[in-house]
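Engineer: One structure, pasted below without further comment.
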Amino acid sequence: MSDAIRLALPDVGEAELAEVAAVLRSGNLTMGPKVAELEELVAAACGVEHAVAVSNGTAALHLAVLALGIGAGDEVIVPAYTFPATANVVRLVGASPVLVDVDPDTFNLDLERVYEAVTVRTKAVLAVHLFGRPLDWSALQDAVAPELALLEDAAGALGARWQGMPCGGLGTMGCLSFHPRKIVTTGEGGAVTTNDPDLAASIRRLRHHGLDPDSDIAEPSTNYRLADVLCALGIPQLRRLDALLAERTRVAAAYTERLAGVVELPSADRGDTHGWQAYVVRLDRRNEALAELRAEGIEVQIGTYALHHLSAYRDQGPFPGADAAFARALALPLHSRLTDAELDRVAEGVARFA
Ligand SMILES: Cc1ncc(COP(=O)(O)O)c(C=O)c1O
């Protein structure tokens with residue numbers, strides 16, 4: 001069998017080794033100066049005033065919902081097709097995630113359905129730029145009343161731009177992930193972004209037991225800190241974010257060239273920049289392709305989850321868009337080291353199931 005083609009491979013090298021080594025030598029492994037350095041780079045990348053680093057993308061979402069004071073009796077609109085964390089965090093604060101169907105071509109929220117799902121209990125929309133494809137933000141704003149908070153699950157959208165504006169900087173708060181399948185990785189990590197100083201202060205307290213700058217705790221919380229040693233890993237990647245995105249865009253363009261007219265392909269809206277967290281094609285024989293390509297050492301993956309297929313969220317529906325996305329989506333290997341020969345092999349493999 002030919003060599004395996006990895007689904008994801010972090011773009012880390014000498015610069016990351018040097019930064020991590022410096023932190024190890026410093027003896028300060030937990031929250032310290034590297035957190036602030038990473039936060040500054042994240043805030044700049046998202047075009048916002050504040051970024052607060054946290055231990056993962058799920059923690060970012062959890063703290064964003066907590067910081068808005070959302071709780072029992074409240075509803076938050078979430079897509080029916082997304083990584084489960086988007087809805088889980090709403091349940092974790094005692095509120096109700098209201099699932100809304102997605103457009104199976106874009107994988108993002110069907111905005112007409114969002115309008116229909118708003119009730120007097122709705123406090124926020126937790127909108128996802130799924131796989132790095134920017135959601136039409138002005139259409140979302142038009143779909144709901146201005147008093148509703150619009151939160152971005154930008155877990156996979158660092159580097160993506162909606163009409164020139166960075167994803168992660170569009171909503172009341174943005175939530176990023178630095179999981180290894182993301183463009184910038186710290187192994188585990190995440191951040192909350194915002195232009196609101198009070199929300200930023202609240203997130204800072206909530207990630208550190210609820211402690212305020214006077215060492216008092218008014219609202220007990222947990223420990224969602226990100227360690228300096230992990231921030232050190234992310235900092236060089238953030239500095240070369242444009243180059244990392246260019247590499248992912250190269251891979252996406254190579255797949256698009258090879259698979260145009262063969263299977264249904266991902267793209268961004270005109271004027272938008274796709275963040276290419278994942279390159280997800282759509283095809284009817286997805287399950288066959290998944291099993292056989294994996295058997296050949298090509299690490300393909302499903303897109304993500306249809307939440308109403310999970311026991312926790314089964315009572316809502318129907319969601320035909322999410323069903324179609326869940327059944328037909330296939331994520332192809334996507335990382336900066338993919339060679340032309342590997343891209344050929346993946347594309348030829350996928351084409352057999354078209
Ligand atoms: C859309 C979405 N939201 C949230 C998350 C959670 O991020 P993390 O794995 O860093 O907790 C992910 C991770 O894959 C994601 O894809």
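Identifiers in this document derive from the order of the structure tokens: chains are assigned A, B, ..., residues are numbered from 1 separately in each chain, and ligands are numbered from 1 in order of occurrence.
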Run DSSP on the backbone and tell me which residues of region 203-275 of chain A come out as strand (DSSP E or B); list them as a ChimeraX atom specification.

Structural biologist: /A:208,211,217,223,264,273

Engineer: Emit the selected residues as an mmCIF file, in the first residue's frame, including C-alpha atoms.

Structural biologist:
data_model
loop_
_atom_site.group_PDB
_atom_site.id
_atom_site.type_symbol
_atom_site.label_atom_id
_atom_site.label_comp_id
_atom_site.auth_asym_id
_atom_site.auth_seq_id
_atom_site.Cartn_x
_atom_site.Cartn_y
_atom_site.Cartn_z
ATOM 1 C CA HIS A 208 -9.578 31.985 36.011
ATOM 2 C CA LEU A 211 -11.128 35.897 40.302
ATOM 3 C CA ILE A 217 -14.692 36.135 43.509
ATOM 4 C CA ASN A 223 -10.041 27.015 35.159
ATOM 5 C CA GLU A 264 -19.883 19.001 -5.703
ATOM 6 C CA THR A 273 -12.196 34.638 1.656
#

Engineer: Write as number ranges by chain the residues around ligand 1, taking 8 Å as the cut-off and counting only C-alpha atoms and all ligand atoms.

Structural biologist: A: 55-61, 82-86, 128-131, 153-156, 176-179, 181-182, 188-190, 304

Engineer: Which residue is closest to Gly47 (chain A)? Choose from A:Leu99, A:Val12, A:Ala160, A:Ala289 and count only C-alpha atoms.

Structural biologist: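 Smallest distance to Gly47 (chain A) is found for A:Ala160.
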
Engineer: Between CA of Gly168 (chain A) and CA of Thr194 (chain A), what is the spacing in Å?

Structural biologist: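 If I compute the distance from CA of Thr194 (chain A) to CA of Gly168 (chain A), I get 8.3 Å.
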
Engineer: Would you pick out the contacts of Ala124 (chain A) at 8 Å or less, using only C-alpha atoms, so that residues sharing its chain but fewer than 4 positions from it are not included, and give the list as a list in words?

Structural biologist: Glu75, Val76, Ile77, Leu148, Ala149, Leu150 and Leu151 of chain A

Engineer: Keeping N, CA and C atoms, export the residues of the selection given above as a compact mmCIF listing (two decimals), in the first residue's frame.

Structural biologist:
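Once everything was written out, this is out-v3.txt:
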# COMPACT_ATOMS: atom_id res chain seq x y z
N GLU A 75 -33.22 30.82 25.19
CA GLU A 75 -32.97 30.01 23.98
C GLU A 75 -31.83 30.63 23.19
N VAL A 76 -31.04 29.77 22.59
CA VAL A 76 -29.97 30.21 21.70
C VAL A 76 -30.09 29.42 20.40
N ILE A 77 -30.13 30.13 19.30
CA ILE A 77 -30.25 29.47 18.00
C ILE A 77 -28.88 28.95 17.56
N LEU A 148 -30.72 41.09 19.68
CA LEU A 148 -30.18 39.73 19.86
C LEU A 148 -28.66 39.75 19.70
N ALA A 149 -27.97 39.04 20.60
CA ALA A 149 -26.52 38.95 20.47
C ALA A 149 -26.20 37.97 19.35
N LEU A 150 -25.26 38.36 18.50
CA LEU A 150 -24.79 37.45 17.45
C LEU A 150 -23.39 36.99 17.84
N LEU A 151 -23.29 35.71 18.15
CA LEU A 151 -21.99 35.13 18.53
C LEU A 151 -21.46 34.35 17.34

Engineer: My list of candidates is A:Gly174, A:Pro146, A:Gly94, A:Pro320. Which is closest to Leu126 (chain A) when distances are computed with only C-alpha atoms?

Structural biologist: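 Between A:Gly174, A:Pro146, A:Gly94, A:Pro320, the residue approaching Leu126 (chain A) most closely is A:Gly174.
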
Engineer: Determine which residues of region 173-305 of chain A receive a DSSP assignment of helix (DSSP H, G or I), computed from the backbone, and state them as a PyMOL selection string.

Structural biologist: chain A and resi 197-206+228-239+241-259+286-295

Engineer: Go through A:Ile235, A:Ala53, A:Val102, A:Leu9 and flag the residue nearest Arg204 (chain A), using only C-alpha atoms for the distances.

Structural biologist: A:Ala53

Engineer: So which residues touch Asp105 (chain A) within 10 Å, counting only C-alpha atoms, skipping near sequence neighbours fewer than 6 positions away, as a list in words?

Structural biologist: Glu264, Leu265, Pro266, Ser267, Val281, Arg282, Gly321, Ala324, Ala325 and Ala329 of chain A

Engineer: Tell me which protein, DNA and RNA residues are within 7 Å of region 253-256 of chain A, counting only C-alpha atoms, leaving out same-chain ones fewer than 4 positions away, and put them as a ChimeraX atom specification.

Structural biologist: /A:249,260,265,343,347

Engineer: Near Leu92 (chain A), counting only C-alpha atoms, which residues have an atom at most 10 Å away, once you skip same-chain residues fewer than 3 positions from it, shown as a PyMOL selection string?

Structural biologist: chain A and resi 62+65-66+71-72+85+87-89+95-96

Engineer: Quick one: residues within 7 Å of region 6-8 of chain A, only C-alpha atoms counted, chain neighbours fewer than 2 positions away excluded, as a list in words?

Structural biologist: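 Listing them by chain and then by number gives Ala4, Pro10, Arg181, Ile298, Glu299, Val300, Leu332, Pro333, Leu334 and His335 of chain A.
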
Engineer: So how many Å separate CA of Gly32 (chain A) and CA of Ala232 (chain A), to one decimal?

Structural biologist: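 So the two atoms, CA of Gly32 (chain A) and CA of Ala232 (chain A), lie 10.6 Å apart.
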
Engineer: Could you jot down the CA of Leu290 (chain A) to CA of Ile5 (chain A) separation for me, Å, one decimal place?

Structural biologist: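 Distance reported for this atom pair: 13.6 Å.
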
Engineer: Which residue out of A:Glu342, A:Ala139, A:Pro97, A:Ala127 has the minimum interatomic distance to Glu112 (chain A) when only C-alpha atoms are used?

Structural biologist: A:Ala139

Engineer: Nearest to Val54 (chain A): which of A:Asp110, A:Asp3, A:Asp228, A:Asp101 is it, counting only C-alpha atoms?

Structural biologist: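 Distance minimum relative to Val54 (chain A) lands on A:Asp228.
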
Engineer: From the options A:Glu257, A:Arg25, A:Val262, A:Phe353, which residue's atoms come nearest to Arg286 (chain A), counting only C-alpha atoms?

Structural biologist: A:Phe353
